[in-house]
Structures are given as structure tokens and as C-alpha cells.
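The structure appears below as C-alpha cells.
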Amino acid sequence: MNKIDWLKKASTIARSDMRNEMKRPQTTGERVQDYVLDVMLDEGHELDGKRWAKRSQDEFAAELGISISTFFRAISKPPFVRDTRMIEGRKLTLVRLGVTKAGGTDRHRANILSKIWREHMKQPRTTPADYGCICGLVETWPAGAAPAILSIVLKQWPAFMSGVKFEMDALAASGQGKVAFYQWPNLKVIRRFSGVAVELWKMEKPAPKAV
């Protein structure tokens with residue numbers, strides 16, 4: 001089994017049991033982020049070269065089981081970008097994970113990733129060492145996709161580590177390192193194997209529709 005097949009298998013397993021393995025309940029912000037990411041990947045609406053989650057206000061709130069006001073408070077803060085458009089005669093809200101044009105600096109992108117990391121790990125702040133890794137990821141990953149990539153890695157950590165294992169096995173075989181498995185997300189590992197994260201993200205993206 002090659003690395004891509006391994007990642008696909010691990011990703012499928014992770015989708016079914018990842019939430020059962022979590023040791024803490026999700027915050028409302030995390031639930032909204034996971035939901036928006038799932039909709040973006042599974043049935044994303046293409047607009048201005050980006051993929052968006054597309055729903056009416058009522059549909060977003062109902063599917064999440066929260067009030068409209070709670071939903072809008074959640075998407076009013078990074079890493080969310082929102083818009084409103086008339087589509088097929090309906091006024092719909094578009095939401096995605098990313099950065100606005102006005103906030104496109106590397107520091108701003110790093111702060112968005114830092115927030116995603118802190119919220120997922122339940123940490124009050126990002127350590128200098130972790131922030132340094134995040135800055136490295138900002139330089140390595142596509143700017144518009146970085147929040148989605150980090151979110152997928154955190155959400156599907158066992159799948160990510162399955163891909164990392166192939167890389168670490170190769171390093172160990174050549175005497176350049178030893179094989180280790182990290183049970184919990186680790187930014188140093190994500191930074192070192194940032195390419196594996198991109199591969200996992202690409203596999204989760206739906207294939208483009210035929211035109």
C-alpha cells in the first residue's frame with residue numbers, strides 16, 4: 001500500500017471515529033468551523049476563485065442546532081470570511097475559512113492559524129516555539145488554503161500521522177531519524193511534514209465538476 005492509499009484509508013477511518021476519541025467537548029466555534037469546512041469540501045460553492053459554504057441563515061442555524069445570532073457571532077471572527085449573495089432567487093449567506101484581502105499579510109495569516117490552534121488545543125496562548133512553527137507553515141502552505149489545511153490536520157490527526165509514518169519510516173531506514181507516533185497534535189511535526197498535510201487536504205477536496 002503506497003502513501004496515498006494509506007492516507008485515504010486512514011482518512012476514512014478517522015471520519016467515522018475521530019469524534020468518539022476526542023477527550024473534550026467542542027466549543028460552539030469549533031462546531032461551526034467543522035461544519036463550514038465540511039460543507040466547503042463536500043458541496044462548496046465556487047465564487048471569486050474560492051470555495052464557500054452556501055446556506056440561508058435559517059438553514060445554517062438549524063443544521064447546527066443553534067440560534068441565528070449565535071451563528072453570526074461565530075462567523076464574525078477569524079478564521080471565517082462571510083458574504084451575502086442572491087443566488088437562484090434566494091438570499092444566501094456564504095461562509096469560508098480564510099483571510100480577507102485587507103488582512104493578507106503573513107502575520108495576519110499566522111494569527112488566524114494561531115487562533116485555530118489555540119481553540120482546538122484549549123490553550124490560552126500560543127507559545128513562541130509553536131508560533132514559530134505556524135509562521136513556517138504560513139510560508140509553506142497556499143495562503144488561501146492554510147486555515148483549511150490546519151483544520152483538517154487537527155480534525156483528522158490519526159490520518160495525518162499515517163502519512164507521516166511513511167516519511168518517518170524512510171528517514172529511519174536511511175539513518176536520518178527514528179520512527180515515533182504522536183498521539184496528540186504537535187506543531188513541530190506538522191511543520192516538518194507540511195507536505196503530508198497538503199496531500200491530506202487535497203484528498204479531502206471534492207473533484208471539480210465537469211463543465
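Letters A, B, ... go to the chains of the C-alpha cells in the order shown; residues in each chain start at 1; ligands are counted from 1 in the same order.
Using only C-alpha atoms, the residues found no farther than 10 Å from Glu139 of chain A, other than those of its own chain fewer than 6 positions away, are Asp106, Arg109, Ala110 and Ala146 of chain A.
Here atom CA of Val32 of chain A and atom CA of His120 of chain A stand 12.5 Å from one another.
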Legend entry - Residue contacts of Glu119 of chain A (9 Å, only C-alpha atoms) excluding same-chain residues fewer than 6 positions away, as JSON, numbers by chain: {"A": [27, 29, 30]}
Legend entry - Exercise: Pro185 of chain A partners within 9 Å, only C-alpha atoms, chain neighbours under 3 positions left out, as number ranges by chain: A: 121, 153-154, 157, 182, 189-190
Inset, instruction - Any chance you could list, as a PyMOL selection string, the residues in segment 34-193 of chain A that come up helix (DSSP H, G or I) when DSSP is run on the backbone? - result: chain A and resi 34-43+57-64+68-75+101-103+106-121+128-140+146-155+157-173+187-192
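Take the candidates A:Glu199, A:Asp48, A:Glu88, A:Glu63 and check each one against Ser162 of chain A using only C-alpha atoms; the shortest distance goes to A:Glu199.
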Legend entry - Selection near segment 68-75 of chain A, 10 Å with only C-alpha atoms, sequence-local residues under 6 positions removed, as number ranges by chain: A: 28-33, 36, 57-62, 81-82, 95-97
Inset, instruction - Find the residues near Asp130 of chain A: any atom within 9 Å, counting only C-alpha atoms, skip ones fewer than 5 places away on the same chain, and give them as JSON, numbers by chain. - result: {"A": [114, 135, 186, 187, 188]}
Tell me, as an mmCIF file with all heavy atoms, in the first residue's frame, which residues lie within 10 Å of Trp201 of chain A, counting only C-alpha atoms; anything in the same chain fewer than 2 positions away does not count.
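Output file around20.cif follows:
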data_model
loop_
_atom_site.group_PDB
_atom_site.id
_atom_site.type_symbol
_atom_site.label_atom_id
_atom_site.label_comp_id
_atom_site.auth_asym_id
_atom_site.auth_seq_id
_atom_site.Cartn_x
_atom_site.Cartn_y
_atom_site.Cartn_z
ATOM 1 N N LEU A 41 -15.952 21.523 1.623
ATOM 2 C CA LEU A 41 -15.287 20.422 0.934
ATOM 3 C C LEU A 41 -16.270 19.528 0.188
ATOM 4 O O LEU A 41 -15.978 19.058 -0.909
ATOM 5 C CB LEU A 41 -14.488 19.591 1.943
ATOM 6 C CG LEU A 41 -13.297 20.300 2.601
ATOM 7 C CD1 LEU A 41 -12.688 19.422 3.679
ATOM 8 C CD2 LEU A 41 -12.241 20.657 1.565
ATOM 9 N N ALA A 145 -5.519 28.569 1.521
ATOM 10 C CA ALA A 145 -5.898 27.229 1.973
ATOM 11 C C ALA A 145 -5.355 26.884 3.350
ATOM 12 O O ALA A 145 -5.761 25.882 3.941
ATOM 13 C CB ALA A 145 -5.412 26.186 0.963
ATOM 14 N N ALA A 146 -4.443 27.699 3.883
ATOM 15 C CA ALA A 146 -3.774 27.352 5.138
ATOM 16 C C ALA A 146 -4.739 27.062 6.288
ATOM 17 O O ALA A 146 -4.560 26.066 7.001
ATOM 18 C CB ALA A 146 -2.784 28.452 5.529
ATOM 19 N N ALA A 148 -7.799 25.932 6.191
ATOM 20 C CA ALA A 148 -8.470 24.659 5.921
ATOM 21 C C ALA A 148 -7.514 23.485 6.107
ATOM 22 O O ALA A 148 -7.897 22.436 6.633
ATOM 23 C CB ALA A 148 -9.043 24.653 4.506
ATOM 24 N N ILE A 149 -6.260 23.657 5.692
ATOM 25 C CA ILE A 149 -5.276 22.577 5.832
ATOM 26 C C ILE A 149 -5.038 22.268 7.302
ATOM 27 O O ILE A 149 -5.073 21.106 7.727
ATOM 28 C CB ILE A 149 -3.951 22.952 5.143
ATOM 29 C CG1 ILE A 149 -4.152 23.091 3.628
ATOM 30 C CG2 ILE A 149 -2.878 21.897 5.429
ATOM 31 C CD1 ILE A 149 -2.940 23.637 2.899
ATOM 32 N N LEU A 150 -4.797 23.311 8.106
ATOM 33 C CA LEU A 150 -4.551 23.082 9.532
ATOM 34 C C LEU A 150 -5.777 22.469 10.201
ATOM 35 O O LEU A 150 -5.653 21.557 11.031
ATOM 36 C CB LEU A 150 -4.182 24.393 10.222
ATOM 37 C CG LEU A 150 -3.887 24.280 11.724
ATOM 38 C CD1 LEU A 150 -2.734 23.311 11.988
ATOM 39 C CD2 LEU A 150 -3.574 25.654 12.323
ATOM 40 N N SER A 151 -6.961 22.937 9.834
ATOM 41 C CA SER A 151 -8.185 22.402 10.436
ATOM 42 C C SER A 151 -8.351 20.922 10.131
ATOM 43 O O SER A 151 -8.737 20.133 11.001
ATOM 44 C CB SER A 151 -9.406 23.185 9.930
ATOM 45 O OG SER A 151 -9.358 24.529 10.352
ATOM 46 N N ILE A 152 -8.060 20.524 8.889
ATOM 47 C CA ILE A 152 -8.183 19.116 8.513
ATOM 48 C C ILE A 152 -7.165 18.268 9.270
ATOM 49 O O ILE A 152 -7.479 17.178 9.756
ATOM 50 C CB ILE A 152 -8.014 18.953 6.992
ATOM 51 C CG1 ILE A 152 -9.260 19.462 6.265
ATOM 52 C CG2 ILE A 152 -7.756 17.496 6.620
ATOM 53 C CD1 ILE A 152 -9.140 19.455 4.761
ATOM 54 N N VAL A 153 -5.938 18.766 9.388
ATOM 55 C CA VAL A 153 -4.907 18.015 10.111
ATOM 56 C C VAL A 153 -5.318 17.810 11.568
ATOM 57 O O VAL A 153 -5.197 16.706 12.116
ATOM 58 C CB VAL A 153 -3.553 18.743 10.032
ATOM 59 C CG1 VAL A 153 -2.548 18.114 10.999
ATOM 60 C CG2 VAL A 153 -3.008 18.691 8.616
ATOM 61 N N PHE A 160 -3.430 11.992 9.353
ATOM 62 C CA PHE A 160 -2.198 12.733 9.067
ATOM 63 C C PHE A 160 -0.976 11.942 9.521
ATOM 64 O O PHE A 160 0.008 11.812 8.787
ATOM 65 C CB PHE A 160 -2.244 14.090 9.770
ATOM 66 C CG PHE A 160 -0.945 14.848 9.722
ATOM 67 C CD1 PHE A 160 -0.507 15.436 8.544
ATOM 68 C CD2 PHE A 160 -0.164 14.972 10.861
ATOM 69 C CE1 PHE A 160 0.698 16.137 8.499
ATOM 70 C CE2 PHE A 160 1.037 15.670 10.830
ATOM 71 C CZ PHE A 160 1.466 16.253 9.647
ATOM 72 N N GLY A 195 4.127 18.884 3.849
ATOM 73 C CA GLY A 195 3.682 18.340 2.571
ATOM 74 C C GLY A 195 2.644 17.247 2.736
ATOM 75 O O GLY A 195 1.729 17.116 1.912
ATOM 76 N N VAL A 196 2.767 16.446 3.793
ATOM 77 C CA VAL A 196 1.771 15.407 4.064
ATOM 78 C C VAL A 196 0.419 16.059 4.359
ATOM 79 O O VAL A 196 -0.631 15.569 3.938
ATOM 80 C CB VAL A 196 2.215 14.525 5.247
ATOM 81 C CG1 VAL A 196 1.125 13.512 5.603
ATOM 82 C CG2 VAL A 196 3.511 13.804 4.913
ATOM 83 N N ALA A 197 0.451 17.180 5.077
ATOM 84 C CA ALA A 197 -0.787 17.899 5.387
ATOM 85 C C ALA A 197 -1.474 18.377 4.110
ATOM 86 O O ALA A 197 -2.699 18.286 3.978
ATOM 87 C CB ALA A 197 -0.483 19.087 6.301
ATOM 88 N N VAL A 198 -0.689 18.869 3.164
ATOM 89 C CA VAL A 198 -1.260 19.332 1.896
ATOM 90 C C VAL A 198 -1.873 18.164 1.127
ATOM 91 O O VAL A 198 -2.948 18.291 0.530
ATOM 92 C CB VAL A 198 -0.188 20.042 1.044
ATOM 93 C CG1 VAL A 198 -0.739 20.384 -0.340
ATOM 94 C CG2 VAL A 198 0.291 21.311 1.744
ATOM 95 N N GLU A 199 -1.216 17.010 1.149
ATOM 96 C CA GLU A 199 -1.758 15.834 0.461
ATOM 97 C C GLU A 199 -3.097 15.423 1.066
ATOM 98 O O GLU A 199 -4.041 15.084 0.342
ATOM 99 C CB GLU A 199 -0.765 14.671 0.549
ATOM 100 C CG GLU A 199 0.482 14.857 -0.303
ATOM 101 C CD GLU A 199 1.416 13.668 -0.213
ATOM 102 O OE1 GLU A 199 1.015 12.641 0.375
ATOM 103 O OE2 GLU A 199 2.543 13.754 -0.724
ATOM 104 N N MET A 203 -6.821 15.462 -0.827
ATOM 105 C CA MET A 203 -7.687 14.288 -0.918
ATOM 106 C C MET A 203 -9.087 14.585 -0.408
ATOM 107 O O MET A 203 -10.062 13.993 -0.863
ATOM 108 C CB MET A 203 -7.094 13.132 -0.117
ATOM 109 C CG MET A 203 -5.900 12.505 -0.778
ATOM 110 S SD MET A 203 -5.477 10.932 -0.017
ATOM 111 C CE MET A 203 -5.702 11.301 1.686
ATOM 112 N N GLU A 204 -9.193 15.509 0.548
ATOM 113 C CA GLU A 204 -10.493 15.839 1.114
ATOM 114 C C GLU A 204 -11.283 16.786 0.227
ATOM 115 O O GLU A 204 -12.490 16.938 0.394
ATOM 116 C CB GLU A 204 -10.316 16.479 2.494
ATOM 117 C CG GLU A 204 -9.788 15.532 3.548
ATOM 118 C CD GLU A 204 -10.754 14.389 3.805
ATOM 119 O OE1 GLU A 204 -11.945 14.648 4.005
ATOM 120 O OE2 GLU A 204 -10.318 13.232 3.776
ATOM 121 N N LYS A 205 -10.608 17.437 -0.713
ATOM 122 C CA LYS A 205 -11.304 18.352 -1.616
ATOM 123 C C LYS A 205 -12.080 17.545 -2.650
ATOM 124 O O LYS A 205 -11.550 16.608 -3.237
ATOM 125 C CB LYS A 205 -10.305 19.264 -2.335
ATOM 126 C CG LYS A 205 -9.602 20.253 -1.445
ATOM 127 C CD LYS A 205 -8.533 21.017 -2.211
ATOM 128 C CE LYS A 205 -9.125 21.817 -3.350
ATOM 129 N NZ LYS A 205 -8.094 22.588 -4.074
#
